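As stored in start-v2.txt (compact mmCIF, C-alpha atoms (C1' of nucleotides)):
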```txt
# COMPACT_ATOMS: atom_id res chain seq x y z
CA MET U 214 -8.61 -17.51 -14.11
CA LYS U 215 -5.70 -15.56 -12.67
CA LEU U 216 -6.10 -12.57 -10.37
CA ALA U 217 -3.53 -10.35 -8.71
CA THR U 218 -3.20 -7.44 -6.34
CA TRP U 219 -0.38 -4.91 -6.15
CA ASN U 220 0.17 -1.73 -4.18
CA ILE U 221 2.28 0.23 -6.64
CA ASN U 222 2.93 3.38 -4.55
CA SER U 223 2.24 5.95 -7.32
CA LEU U 224 1.01 4.88 -10.73
CA THR U 225 2.74 7.90 -12.23
CA VAL U 226 6.12 6.49 -11.20
CA ARG U 227 5.29 2.81 -11.64
CA LEU U 228 3.24 2.69 -14.88
CA PRO U 229 6.11 1.23 -16.95
CA GLN U 230 6.64 -1.47 -14.31
CA VAL U 231 2.94 -2.35 -14.24
CA LEU U 232 2.89 -2.66 -18.04
CA ASP U 233 6.04 -4.81 -17.99
CA TRP U 234 4.60 -6.99 -15.26
CA LEU U 235 1.31 -7.49 -17.13
CA LYS U 236 3.21 -8.49 -20.23
CA ALA U 237 5.07 -11.17 -18.27
CA ASN U 238 2.01 -12.04 -16.13
CA PRO U 239 -1.12 -11.71 -18.27
CA VAL U 240 -3.59 -12.04 -15.38
CA ASP U 241 -7.33 -11.71 -15.97
CA VAL U 242 -7.81 -9.12 -13.24
CA LEU U 243 -5.27 -6.88 -11.52
CA ALA U 244 -6.23 -4.76 -8.52
CA LEU U 245 -3.98 -1.76 -7.94
CA GLN U 246 -3.66 0.35 -4.79
CA GLU U 247 -2.06 3.68 -3.99
CA LEU U 248 -2.39 5.17 -7.45
CA LYS U 249 -1.82 8.64 -5.95
CA LEU U 250 -3.47 10.30 -8.93
CA SER U 251 -6.87 11.68 -9.85
CA ASP U 252 -9.18 9.99 -12.37
CA ASP U 253 -8.32 12.48 -15.12
CA MET U 254 -4.65 11.47 -14.89
CA PHE U 255 -5.36 7.73 -15.11
CA PRO U 256 -3.58 6.10 -18.10
CA THR U 257 -6.64 4.35 -19.56
CA GLU U 258 -5.14 4.38 -23.06
CA ALA U 259 -1.85 2.74 -22.07
CA PHE U 260 -3.70 -0.12 -20.40
CA ALA U 261 -6.11 -0.45 -23.33
CA GLU U 262 -3.13 -0.86 -25.66
CA ALA U 263 -1.91 -3.62 -23.35
CA GLY U 264 -5.30 -5.32 -23.68
CA TYR U 265 -6.88 -4.24 -20.41
CA HIS U 266 -10.11 -2.52 -19.48
CA SER U 267 -9.81 -0.10 -16.56
CA GLN U 268 -12.02 0.90 -13.68
CA CYS U 269 -10.46 3.69 -11.68
CA PHE U 270 -11.31 5.33 -8.38
CA GLY U 271 -8.56 7.89 -8.09
CA GLN U 272 -7.52 10.53 -5.60
CA LYS U 273 -4.89 13.19 -5.93
CA THR U 274 -1.67 12.61 -3.91
CA TYR U 275 -3.07 9.88 -1.62
CA ASN U 276 -4.80 6.51 -1.91
CA GLY U 277 -6.61 5.68 -5.16
CA VAL U 278 -7.49 2.19 -6.42
CA ALA U 279 -8.21 0.55 -9.77
CA LEU U 280 -9.25 -2.72 -11.37
CA LEU U 281 -7.67 -3.74 -14.68
CA SER U 282 -9.28 -6.63 -16.52
CA ARG U 283 -9.30 -8.60 -19.78
CA THR U 284 -13.09 -8.40 -19.95
CA PRO U 285 -15.07 -5.34 -18.87
CA ALA U 286 -16.25 -5.02 -15.29
CA ALA U 287 -19.96 -4.96 -14.46
CA ASP U 288 -21.83 -3.47 -11.47
CA VAL U 289 -18.89 -1.34 -10.34
CA VAL U 290 -19.09 0.08 -6.83
CA LYS U 291 -16.68 2.63 -5.35
CA ASN U 292 -15.80 2.61 -1.63
CA ILE U 293 -17.95 0.95 1.03
CA PRO U 294 -21.70 1.48 0.71
CA GLY U 295 -23.00 2.60 4.09
CA PHE U 296 -19.62 3.91 5.25
CA ASP U 297 -19.01 7.57 4.57
CA ASP U 298 -15.38 8.13 3.54
CA ASP U 299 -13.38 11.00 2.04
CA MET U 300 -10.71 8.66 0.76
CA ALA U 301 -10.65 6.48 -2.36
CA ARG U 302 -9.89 3.02 -0.97
CA VAL U 303 -12.16 0.38 -2.48
CA ILE U 304 -13.31 -0.57 -5.96
CA THR U 305 -15.51 -3.54 -6.74
CA GLY U 306 -16.65 -5.16 -9.96
CA THR U 307 -18.13 -8.36 -11.38
CA PHE U 308 -16.18 -10.31 -14.01
CA GLY U 309 -17.54 -13.07 -16.21
CA GLU U 310 -21.08 -14.22 -16.86
CA GLY U 311 -23.73 -16.05 -14.88
CA GLU U 312 -22.82 -19.00 -12.65
CA SER U 313 -19.10 -18.61 -13.10
CA SER U 314 -18.96 -14.86 -12.54
CA LEU U 315 -16.71 -13.49 -9.84
CA ARG U 316 -17.25 -10.52 -7.55
CA VAL U 317 -13.85 -8.88 -7.04
CA VAL U 318 -13.20 -6.32 -4.31
CA GLY U 319 -9.91 -4.41 -4.56
CA ALA U 320 -9.09 -2.59 -1.33
CA TYR U 321 -6.50 -0.31 0.21
CA PHE U 322 -7.02 -0.63 3.95
CA PRO U 323 -6.01 2.37 6.10
CA ASN U 324 -2.47 2.36 7.47
CA GLY U 325 -3.42 3.40 10.99
CA GLN U 326 -0.05 5.05 11.72
CA GLU U 327 0.10 4.26 15.44
CA PRO U 328 -2.14 2.47 17.93
CA GLY U 329 -4.18 5.04 19.82
CA SER U 330 -3.91 7.73 17.13
CA ASP U 331 -6.87 9.27 15.29
CA LYS U 332 -5.74 7.41 12.18
CA PHE U 333 -5.87 4.15 14.11
CA GLU U 334 -9.42 4.89 15.25
CA TYR U 335 -10.35 5.60 11.63
CA LYS U 336 -8.82 2.26 10.64
CA MET U 337 -10.99 0.45 13.21
CA GLU U 338 -14.16 2.22 12.02
CA TRP U 339 -13.27 1.51 8.40
CA LEU U 340 -12.76 -2.18 9.20
CA LYS U 341 -16.17 -2.35 10.88
CA GLY U 342 -17.76 -0.64 7.89
CA LEU U 343 -16.06 -3.01 5.47
CA ARG U 344 -17.20 -6.08 7.41
CA ALA U 345 -20.82 -4.92 7.69
CA TRP U 346 -20.97 -4.34 3.95
CA LEU U 347 -19.13 -7.56 3.01
CA LYS U 348 -21.52 -9.61 5.11
CA LYS U 349 -24.36 -8.46 2.83
CA GLU U 350 -22.27 -8.61 -0.32
CA LEU U 351 -21.44 -12.27 0.35
CA VAL U 352 -25.16 -13.07 0.38
CA THR U 353 -25.81 -11.48 -3.00
CA HIS U 354 -22.39 -12.50 -4.42
CA PRO U 355 -21.28 -15.82 -2.88
CA ARG U 356 -18.37 -16.08 -5.33
CA LEU U 357 -16.30 -13.23 -3.92
CA VAL U 358 -12.60 -12.34 -3.81
CA LEU U 359 -11.31 -9.64 -1.45
CA MET U 360 -7.78 -8.64 -2.32
CA GLY U 361 -5.49 -5.73 -1.67
CA ASP U 362 -3.21 -4.04 0.80
CA TYR U 363 -4.78 -4.93 4.16
CA ASN U 364 -2.08 -3.26 6.26
CA ILE U 365 -2.58 -6.06 8.82
CA THR U 366 -0.56 -9.20 9.56
CA PHE U 367 -2.43 -12.36 10.57
CA ASP U 368 0.12 -13.53 13.13
CA ASP U 369 3.84 -14.00 13.79
CA LEU U 370 4.35 -15.94 10.56
CA ASP U 371 3.68 -12.69 8.69
CA VAL U 372 6.30 -10.67 10.59
CA TRP U 373 10.09 -10.72 10.17
CA ASP U 374 10.65 -9.73 13.82
CA PRO U 375 7.58 -10.77 15.80
CA ILE U 376 9.13 -9.91 19.15
CA GLY U 377 10.49 -6.51 18.20
CA LEU U 378 7.31 -5.54 16.37
CA GLN U 379 4.86 -6.96 18.90
CA GLY U 380 1.94 -4.55 19.37
CA SER U 381 3.18 -2.12 16.74
CA ILE U 382 1.12 -1.00 13.78
CA HIS U 383 -0.02 -3.87 11.49
CA CYS U 384 0.62 -6.27 14.36
CA THR U 385 -1.83 -5.22 17.08
CA ASP U 386 -4.47 -7.50 18.58
CA GLU U 387 -7.19 -5.02 17.58
CA GLU U 388 -6.22 -5.06 13.91
CA ARG U 389 -5.86 -8.85 13.91
CA TYR U 390 -9.26 -9.22 15.54
CA HIS U 391 -10.82 -7.43 12.57
CA LEU U 392 -8.87 -9.52 10.09
CA ARG U 393 -10.08 -12.73 11.75
CA ALA U 394 -13.59 -11.31 11.73
CA LEU U 395 -13.39 -11.10 7.92
CA ILE U 396 -12.36 -14.76 7.87
CA ALA U 397 -15.31 -15.52 10.18
CA LEU U 398 -17.68 -14.14 7.53
CA GLY U 399 -16.83 -17.26 5.54
CA MET U 400 -13.57 -16.46 3.80
CA THR U 401 -10.17 -18.10 3.46
CA ASP U 402 -6.64 -16.73 3.27
CA SER U 403 -5.50 -18.10 -0.12
CA LEU U 404 -1.77 -18.13 0.59
CA ARG U 405 -2.15 -20.19 3.77
CA LEU U 406 -4.18 -22.82 1.90
CA PHE U 407 -0.88 -24.15 0.67
CA GLY U 408 1.02 -23.81 3.90
CA GLN U 409 3.01 -20.64 4.18
CA PRO U 410 6.68 -20.93 3.24
CA PRO U 411 8.66 -19.40 6.11
CA GLN U 412 9.45 -15.71 5.83
CA SER U 413 6.89 -15.01 3.07
CA PHE U 414 6.40 -11.27 2.98
CA SER U 415 4.70 -8.85 0.59
CA TRP U 416 6.15 -5.57 1.83
CA TRP U 417 9.65 -4.44 2.79
CA ASP U 418 10.68 -1.03 4.12
CA TYR U 419 12.71 1.06 1.71
CA ARG U 420 15.23 1.66 4.47
CA ASN U 421 17.95 -0.50 5.96
CA MET U 422 18.28 -2.75 2.91
CA ALA U 423 15.18 -4.45 4.29
CA PHE U 424 14.38 -6.31 1.07
CA ARG U 425 17.86 -7.74 0.69
CA ARG U 426 17.71 -8.93 4.30
CA ASN U 427 14.09 -10.08 3.87
CA ARG U 428 12.96 -7.92 6.77
CA GLY U 429 9.34 -7.61 5.74
CA LEU U 430 5.70 -8.11 6.55
CA ARG U 431 2.92 -10.02 4.84
CA ILE U 432 0.18 -7.38 4.68
CA ASP U 433 -1.15 -7.90 1.14
CA HIS U 434 -3.71 -10.68 1.08
CA ILE U 435 -6.19 -12.46 -1.16
CA LEU U 436 -9.24 -13.77 0.69
CA VAL U 437 -11.71 -15.96 -1.18
CA SER U 438 -15.24 -16.82 -0.09
CA ASN U 439 -15.54 -20.40 1.09
CA VAL U 440 -17.44 -21.59 -2.00
CA LEU U 441 -14.29 -20.72 -4.00
CA LYS U 442 -11.87 -22.37 -1.60
CA ASP U 443 -11.60 -25.66 -3.49
CA ARG U 444 -11.10 -23.77 -6.74
CA VAL U 445 -7.87 -22.14 -5.62
CA LYS U 446 -5.06 -23.85 -7.50
CA SER U 447 -2.20 -21.63 -6.43
CA CYS U 448 -1.36 -18.47 -4.57
CA ALA U 449 2.05 -16.82 -4.47
CA ILE U 450 3.88 -13.59 -3.81
CA ASP U 451 5.92 -12.41 -6.79
CA LYS U 452 9.09 -10.85 -5.41
CA ALA U 453 10.56 -10.14 -8.85
CA PRO U 454 9.25 -6.54 -9.24
CA ARG U 455 10.72 -5.62 -5.84
CA LYS U 456 14.14 -6.14 -7.48
CA ASN U 457 13.43 -3.51 -10.13
CA GLU U 458 15.08 -0.13 -10.13
CA ARG U 459 12.79 2.28 -8.26
CA PRO U 460 10.48 -0.49 -7.06
CA SER U 461 7.25 -0.21 -5.15
CA ASP U 462 7.74 -1.22 -1.53
CA HIS U 463 5.05 -3.92 -2.07
CA ALA U 464 5.16 -7.06 -4.19
CA PRO U 465 2.19 -8.43 -6.18
CA VAL U 466 0.22 -11.40 -4.88
CA VAL U 467 -1.18 -13.74 -7.53
CA ILE U 468 -3.93 -16.36 -7.32
CA THR U 469 -5.05 -18.99 -9.82
CA LEU U 470 -8.66 -20.26 -9.71
CA ASP U 471 -9.91 -23.03 -11.94
C1' DA Z 114 21.95 3.17 19.94
C1' DT Z 115 19.42 5.68 16.45
C1' DG Z 116 17.84 5.74 12.07
C1' DG Z 117 19.34 5.52 7.63
C1' DC Z 118 13.76 5.53 2.19
C1' DC Z 119 10.44 7.19 -0.99
C1' DA Z 120 6.45 10.00 -3.13
C1' DT Z 121 4.02 14.36 -3.14
C1' DC Z 122 3.82 19.23 -3.36
C1' DG Z 123 6.61 22.48 -4.95
C1' DC Z 124 11.23 24.52 -4.41
C1' DG Z 125 12.10 23.68 1.61
C1' DG Z 126 10.75 20.72 4.32
C1' DA Z 127 6.48 18.77 6.06
C1' DT Z 128 3.38 14.82 5.71
C1' DG Z 129 2.25 10.09 5.00
C1' DG Z 130 3.43 5.62 4.28
C1' DA Z 131 4.36 0.97 7.00
```
In structure tokens, how does this file's structure come out?
Amino acid sequence: MKLATWNINSLTVRLPQVLDWLKANPVDVLALQELKLSDDMFPTEAFAEAGYHSQCFGQKTYNGVALLSRTPAADVVKNIPGFDDDMARVITGTFGEGESSLRVVGAYFPNGQEPGSDKFEYKMEWLKGLRAWLKKELVTHPRLVLMGDYNITFDDLDVWDPIGLQGSIHCTDEERYHLRALIALGMTDSLRLFGQPPQSFSWWDYRNMAFRRNRGLRIDHILVSNVLKDRVKSCAIDKAPRKNERPSDHAPVVITLD
DNA sequence: ATGGCCATCGCGGATGGA
């Protein structure tokens, strides 16, 4: 079983790249973030032709998430139950049957803009809402994967310039507290299971030739519930699509479970 | 030293991203 997450920064622009990537990487489930389109504009047919079922939770211009899968999703939930939100940020589905089924949460965490801003406060409230819901979801669905664009780094290993970016957005203690609190629910950071190769990032600014200089952040993560921990066979960031013409600023993260 | 990009909406330049 292969799963992946990718913030594609506009599905309208990046659809050909997603289709190319799926052809080269025929994962079982792909979570997409930042579709930036409404449900009626979602290219269901193009994905169907590529052999994928779609579950879309779109929004015009901003946000928007989807789950693509080889087999249809069951029990689909949009956004965080119990947390009122105007934005389309989370989509959840169950894949597979019975004992071996997997609950997959695809999420686009708020950016937060700047510590102290209204957007930062929203990010903190959203993180609390997510955790409260996940705590219950893990009881009913012990085999759970939470993947997406978290917009939070775990620690200095995830930051190209930890000193220069200390306390800035994605790197604050408050954000990291909430990320550790998700781990404390009984989840594991898949990439770190294998020891993180130095300078492993999933996002690079479009400016300053940041990708070429590997000036990035690791903010896209795949967390697995602890019952799945021993099933994780690999986890890696695929930098190849970042080398495309007109790339997304994020790279996909891929996990293999046996 | 600073900020240098990209997508959207919509036709200029603001807003948001990270």
request  = Using all atoms listed in the file, pick whichever of U:Ile382, U:Val352, U:Leu235, U:Val440 has the shortest atom-to-atom distance to U:Asn324.
outcome  = U:Ile382
task = Could you check how far atom CA of U:Leu343 sits from atom CA of U:Ser403, in Å to one decimal?
result =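 Separating atom CA of U:Leu343 from atom CA of U:Ser403 is a distance of 19.2 Å.
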query = Mind listing as a list in words which residues of chain U are within 9 Å of chain Z, counting all atoms listed in the file?
reply =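 For chain U, the answer reads Asn222, Ser223, Val226, Lys249, Thr274, Tyr275, Asn324, Gln326, Asn364, Ile382, His383, Trp416, Trp417, Asp418, Tyr419, Arg420, Asn421 and Asp462 of chain U.
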Computed interatomic separation between atom CA of U:Thr385 and atom CA of U:Gln412 (Å) =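 Those two atoms sit 19.1 Å apart.
Here the residues that fall within 6 Å of (-19.8, -3.9, -12.0), using all atoms listed in the file, are given as Ala286, Ala287, Asp288, Val289, Gly306 and Thr307 of chain U.
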ask   = Using only C-alpha atoms (C1' of nucleotides), which residues sit within 8 Å of U:Val317 once same-chain residues fewer than 5 positions away are excluded, as an MDAnalysis selection string?
value = chainID U and resid 305:308 357:360
message = I want to know what sits within 10 Å of U:Glu247, based on all atoms listed in the file, with residues of the same chain fewer than 6 positions away left out; could you give that as a PyMOL selection string?
response = chain U and resi 219-224+271-272+274-279+301-302+320-321+362
query = In Å to one decimal, how far is atom CA of U:Ile365 from atom CA of U:Leu392?
reply =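 Calculated distance between atom CA of U:Leu392 and atom CA of U:Ile365 is 7.3 Å.
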key: Residue neighbourhood U:Leu378, 12 Å, all atoms listed in the file, exclusion window fewer than 3 positions, as number ranges by chain   = U: 366, 368-369, 371-375, 381-385, 428-430; Z: 131
Include C-alpha atoms (C1' of nucleotides) and write out the residues we just selected as an mmCIF file, in the coordinates of the input.
```
data_model
loop_
_atom_site.group_PDB
_atom_site.id
_atom_site.type_symbol
_atom_site.label_atom_id
_atom_site.label_comp_id
_atom_site.auth_asym_id
_atom_site.auth_seq_id
_atom_site.Cartn_x
_atom_site.Cartn_y
_atom_site.Cartn_z
ATOM 1 C CA THR U 366 -0.560 -9.200 9.560
ATOM 2 C CA ASP U 368 0.120 -13.530 13.130
ATOM 3 C CA ASP U 369 3.840 -14.000 13.790
ATOM 4 C CA ASP U 371 3.680 -12.690 8.690
ATOM 5 C CA VAL U 372 6.300 -10.670 10.590
ATOM 6 C CA TRP U 373 10.090 -10.720 10.170
ATOM 7 C CA ASP U 374 10.650 -9.730 13.820
ATOM 8 C CA PRO U 375 7.580 -10.770 15.800
ATOM 9 C CA SER U 381 3.180 -2.120 16.740
ATOM 10 C CA ILE U 382 1.120 -1.000 13.780
ATOM 11 C CA HIS U 383 -0.020 -3.870 11.490
ATOM 12 C CA CYS U 384 0.620 -6.270 14.360
ATOM 13 C CA THR U 385 -1.830 -5.220 17.080
ATOM 14 C CA ARG U 428 12.960 -7.920 6.770
ATOM 15 C CA GLY U 429 9.340 -7.610 5.740
ATOM 16 C CA LEU U 430 5.700 -8.110 6.550
ATOM 17 C "C1'" DA Z 131 4.360 0.970 7.000
#
```
Nearby residues (only C-alpha atoms (C1' of nucleotides)) at most 9 Å from U:Phe296, same-chain spacing under 2 positions excluded, as a list in words = Asn292, Ile293, Pro294, Asp298, Glu338, Trp339, Gly342, Leu343 and Trp346 of chain U
inquiry  = Please list as a VMD selection string every residue within 7 Å of U:His391, counting only C-alpha atoms (C1' of nucleotides) and excluding residues in the same chain fewer than 4 positions away.
reply    = chain U and resid 340 387 395
Generate a file of the selected residues that holds C-alpha atoms, formatted as a short mmCIF file (atom, residue, chain, number, x, y, z; two decimals), in the frame of the given file.
```cif
data_model
loop_
_atom_site.label_atom_id
_atom_site.label_comp_id
_atom_site.auth_asym_id
_atom_site.auth_seq_id
_atom_site.Cartn_x
_atom_site.Cartn_y
_atom_site.Cartn_z
CA LEU U 340 -12.76 -2.18 9.20
CA GLU U 387 -7.19 -5.02 17.58
CA LEU U 395 -13.39 -11.10 7.92
#
```
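Of the listed residues U:Tyr265, U:Phe270, U:Phe407, U:Phe414, the one whose atoms come nearest to U:Lys446 is U:Phe407, with distances taken using all atoms listed in the file.
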